[in-house]
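Worksheet: the structure to be examined is printed underneath.
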Amino acid sequence: MSIRFILNRLFYTFIMFIFVVTLNFALFRLMPGDPLTMVSKEVASSPEGRATLEHLYGLDKPMFQQYIDYLKSMTTFDFGISFHYKQPVINILGDKIKNSLILGIAAVPLGIAIGIIGGIIASSRHGKKTDVIITTSSMIIYAIPTFWFAMILLMIFGVKLGWVPINSMVTPGANFLNNMEYIKDLLHHLIVPVISYSVAIFGSYLLIMRGAMIDVFTEDYVLTARAKGLKEKQVIMRHVVPNALLPISTTVIYSLAIIFTGAFSIEVLFSWPGMGKLMVESVNRRDYPIMQASNYLIAVAVILANFIMDVVYGYLDPRIRIG
Amino acid sequence: MKKILLFVFVVMLFAIVAGCTSSQPSQVKPSETPNGSEQPSESGKEVVTFKYGVMDSWPDSMNPYLSVLSISQTLYHDNVYETLIGLDQKVNMEGRLAESWDVSEDGLTWTFHLRKGVKWHDGEDFNADDVVFSYQVNKDLELPRFYSSVKDFVEINKIDDYTVELKTEEAKANIMDAMIDIVPEHIFGQYDTKEEMLAFTNDHPMGTGLFIFVEDSKDEYVKYKANDQYWNGRPVIDELIYVCFANSDTLIQALEKGEIDFCGVGAAQISYVESLSNITLNRFDSNAFNELGFNVWKDPASKGNPLIRDVNIRNAIAYAIDYDAIFEYAMGGLASKQYGLLPKVVGKWSWEPEDANKKDYNPETAKKMLEDAGYKDTDGDGIREDSKGNKLDFRMIIIESSYRDVSLVVQQNLKDIGININIEFMDTGRQTDIIYSQSFDADMYMWGWYAPYSDPTYILSSMTTEQIGNLSDCFYSNKEYDELFELQGKTLDEDERVKIVHKMQEIIYEDSPYIILYNTKRINAYDNTKWENFQKWPEWEGNLFNYFTKLYVSPK
């Protein structure tokens, strides 16, 4: 692979980065409603008191100065003070990212694995009963709104049977004797969110995998492999699956890159204190620093993932780096 | 091969489902190990924990002088900090950190005699220095939450260790408005400058209040333990935990299952919760009300339709609205009638017109009023015109998430009397921008207020000319009203003041810059098999979660 190819990709990545960072600043300031007037009905506010808050938020500075400060904060990863929590953004984000990661790492790979395996089974029995059953049932499950499905799970396993807790990440306010108890409690709270989350995402992987496999099955080299007298299992595992993994790798890398951003509907339903919930709430509160920081982190992750994808893809598939 | 893969697939699915069963309820008993050095309970007694499920935004700051959201008071400040004077169950003043107080003949000097023997949670003595510091720092640094409460005091003096004197230039009737959270000087005093105070996050709040802060986890929970040394007696419960919920369905499920002990109930869940035999509901009028407001700004820059400045039209609209339909259908029963600016729950300040003057639903009266004022439908399109042919056609801006259904009822009601309304739906941010941007480019809107229990000044001030550009959202201006506002602020005789406050509400009711649509009813729910001794506050129509419940609620 040529250095030139990588440099070329890097250049485009950089341009995209600058564009996203600027947009990230402008976007929220163009939104109607500012963080101070949004809470103007909450307390007996005085113009002086409001000026004090404006000062704390740095909103009394000229827009250009705010932009310079913003650029500085983005490059140093010191995202300033959250308007809502009135604490350094980095403190708030750290916890939320950790919480979303716990959920994401448990659920996303599981969803991907189920999707890929299901896709392999379905496509290898293309057109047969197994295929129809797997594909149809996955489509139905995939089409069910996540929050509804999760709600039903909660009704059955949480309320009726009482096997799982309803809310939060760990039992609120519990004192854990040791780390094992904490982990046990956490795992207990994870069960239903993880099932709901992986069920919500596995369908798309299944369909992509199945489609890719079916494409590959029609390739000449598969015919050759079969003609050589390879067993069907060998044909699938050695020739079809590796080639079919190529298109799905894009989706997988992307999903893993944004794993820390959390799943909004799941987080809200289970009151999981993660990034997804935080970002939506921050929009409602016009908490610019939090919105900026989280968007920035997502942008960085996506841009990096894109770059890695480009390079890896070029490595895996020579047609791309030449073309 | 296929079979193996299918097998693996099925096994994985089963594994997940089975995961639910594998871990049996591992309910961690609260506080088996004490936090810190102090034992919350001795000799292995069962620790009594009360869990309150909260569906709201997370509090904004633990520093009581920086936070601006009322939820922060509930979850943080009201548990830890106290004021000099509080309100008893009849919403009358009662001493908290001040044992007694008096006001000088001229009404310019308030003297507070502080309670002796009160200790901060860290064991230090509470005294006059803390009070003087708390008032002074808010005034000097213009801190956001309490500046408006302390700005009237020209002198804040310590007379002796347990006596403090606050002086004003003019008599100050709304002394309850000046009740701020008293903080320990030995903690807050370290932050001298504005910059330092604004950066002080107060991660471990420490006060004199009935609960001692233990820990919190943002967007998850806050945990307190009872203050054994509390001057008004120790709370019966040992621990108080607020649990954060982001979804109202799971909130109710958690209550049903016993993961929480107490919560609020929304309109959508009423019938379900009513069907649960172990849950008791308490319905009460709240201090929140919602109004149909009109852009009555008389300034040449006003962009409102000048017709809406005609009081006859506004009063006709008041008669045209089917309030019961709003309570029943748009609000799911969680609303009740309110006439004056101050809701029933604030007690003596609240006002109602005499029956003959009530503008209740009566479309015929509404039509007649419009006819008499010269608004007739001459071209037969169903919309009335004035004599110059200007149609009664108004723009209404509506926060869709809060008032969608209510606004549709109003739109239909007004159509019935020949007034056309064009609704523009938006979010709170956009509405805030439109109304507070000084170029109020709409004719009517819906919005709401929380009336503080302590004092009517805040709500009354929203209608004064002075507040145009600050609090006022209808840009109302009336000289008589402004004068009465000044007067009630100086009237120390409470009965006199009540009369003035009633008169002011009467003016607003007759002038209708607002038509108050409804008072928001709320519902508390708790598990009656586990808890008793809840207190209502105010005692006639009250929320069950308050200072007194926190003191007295006890397990059955």
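Chain labels run A, B, ... following the order of the structure tokens; each chain numbers its residues from 1, and ligands are numbered from 1 in the order shown.
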
Original post:
Where in range 65-268 of chain A does DSSP assign alpha helix (DSSP H), given as a ChimeraX atom specification?
Top reply: /A:65-76,89-124,129-143,146-153,179-217,220-227,232-234,241-257,264-268

**OP:** Give me, as a VMD selection string, the contact residues of chain A against chain B at a cut-off of 7 Å, counting only C-alpha atoms.
**Re:** chain A and resid 32 to 34 37 to 38 41 to 46 48 to 50 52 to 53 56 84 to 87 114 117 to 118 121 159 163 to 164 166 to 168 172 to 175 185 188 191 195 233 268 to 269 271 273

Original post:
B:Gly389, B:Cys263, B:Pro64, B:Ile417: which is nearest Asn282 in chain B, counting only C-alpha atoms?
Top reply: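 Between B:Gly389, B:Cys263, B:Pro64, B:Ile417, the residue approaching Asn282 in chain B most closely is B:Cys263.
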
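With distances restricted to only C-alpha atoms, A:Val194 is the closest residue to Leu101 in chain A from A:Ile201, A:Leu223, A:Leu304, A:Val194.
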
**OP:** Could you give me, as a PyMOL selection string, the residues within 6 Å of Ala320 in chain B, counting only C-alpha atoms and dropping anything in the same chain fewer than 2 positions from it?
**Re:** chain B and resi 317-318+361-363+366+413

Please produce a file of the residues just selected, as a PDB file, in the first residue's frame, where the atoms kept are N, CA and C atoms.
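Wrote result-v6.pdb, looks like this:
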ATOM      1  N   ILE B 317     -63.160  36.115  24.824  1.00  0.00           N
ATOM      2  CA  ILE B 317     -62.414  34.855  24.717  1.00  0.00           C
ATOM      3  C   ILE B 317     -62.502  34.084  26.032  1.00  0.00           C
ATOM      4  N   ALA B 318     -62.440  34.834  27.144  1.00  0.00           N
ATOM      5  CA  ALA B 318     -62.509  34.176  28.446  1.00  0.00           C
ATOM      6  C   ALA B 318     -63.825  33.424  28.611  1.00  0.00           C
ATOM      7  N   TYR B 361     -67.449  29.346  31.314  1.00  0.00           N
ATOM      8  CA  TYR B 361     -67.801  29.017  29.931  1.00  0.00           C
ATOM      9  C   TYR B 361     -69.235  29.399  29.597  1.00  0.00           C
ATOM     10  N   ASN B 362     -69.389  30.298  28.646  1.00  0.00           N
ATOM     11  CA  ASN B 362     -70.704  30.705  28.201  1.00  0.00           C
ATOM     12  C   ASN B 362     -70.589  31.350  26.827  1.00  0.00           C
ATOM     13  N   PRO B 363     -70.651  30.558  25.778  1.00  0.00           N
ATOM     14  CA  PRO B 363     -70.424  31.081  24.425  1.00  0.00           C
ATOM     15  C   PRO B 363     -71.425  32.161  24.029  1.00  0.00           C
ATOM     16  N   ALA B 366     -70.245  35.361  25.308  1.00  0.00           N
ATOM     17  CA  ALA B 366     -69.079  35.751  24.518  1.00  0.00           C
ATOM     18  C   ALA B 366     -69.509  36.397  23.209  1.00  0.00           C
ATOM     19  N   ASN B 413     -63.080  26.362  20.332  1.00  0.00           N
ATOM     20  CA  ASN B 413     -63.988  27.225  21.099  1.00  0.00           C
ATOM     21  C   ASN B 413     -64.086  28.611  20.474  1.00  0.00           C
TER      22      ASN B 413
END

Original post:
Which of range 192-403 of chain B counts as strand (DSSP E or B) under DSSP, as JSON, numbers by chain please?
Top reply: {"B": [211, 212, 213, 214, 215, 216, 217, 221, 222, 223, 224, 225, 226, 239, 240, 241, 242, 243, 244, 262, 263, 264, 279, 280, 281, 282, 283, 284, 285, 286, 287, 288, 289, 290, 291, 292, 293, 294, 335, 336, 376, 385, 391, 393, 394, 395, 396, 397, 398, 399]}

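Residues surrounding range 544-549 of chain B within 9 Å are Thr74, Asp78, Asn79, Asp88, Gln89, Leu210, Pro235, Phe262, Asn282, Asn524, Ala525, Asn533, Phe534, Gln535, Lys536, Trp537, Val553 and Ser554 of chain B [only C-alpha atoms; sequence separation below 4 positions excluded].
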
Subject >> Residues within 7 Å of Asp130 in chain B, only C-alpha atoms, excluding chain neighbours under 6 positions, as a ChimeraX atom specification >> reply: /B:182-185

Residues from the last selection, C-alpha atoms, saved as a PDB file, in the first residue's frame:
ATOM      1  CA  ILE B 182     -27.819  29.715  55.169  1.00  0.00           C
ATOM      2  CA  VAL B 183     -24.430  28.163  54.425  1.00  0.00           C
ATOM      3  CA  PRO B 184     -21.465  27.536  56.736  1.00  0.00           C
ATOM      4  CA  GLU B 185     -19.026  30.415  56.654  1.00  0.00           C
TER       5      GLU B 185
END

**OP:** Name all residues at most 10 Å from Asp511 in chain B (count only C-alpha atoms; drop same-chain ones fewer than 6 positions away) and give them as a PyMOL selection string.
**Re:** chain B and resi 309-312+314-315+476+478+505

Can I get the selected residues back with C-alpha atoms, as a compact mmCIF listing (two decimals), in the first residue's frame?
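Generated output (again_14.txt):
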# COMPACT_ATOMS: atom_id res chain seq x y z
CA ARG B 309 -55.47 45.03 22.96
CA ASP B 310 -59.26 45.49 23.09
CA VAL B 311 -60.31 44.20 26.49
CA ASN B 312 -63.74 43.25 25.11
CA ARG B 314 -60.07 39.26 25.55
CA ASN B 315 -63.01 38.99 27.90
CA TYR B 476 -48.83 44.25 30.43
CA ASN B 478 -51.21 49.39 34.11
CA GLN B 505 -55.61 40.06 41.08

**OP:** Could you check how far CA of Gly347 in chain B sits from CA of Phe112 in chain B, in Å to one decimal?
**Re:**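 Going from CA of Gly347 in chain B over to CA of Phe112 in chain B, I get 25.0 Å.
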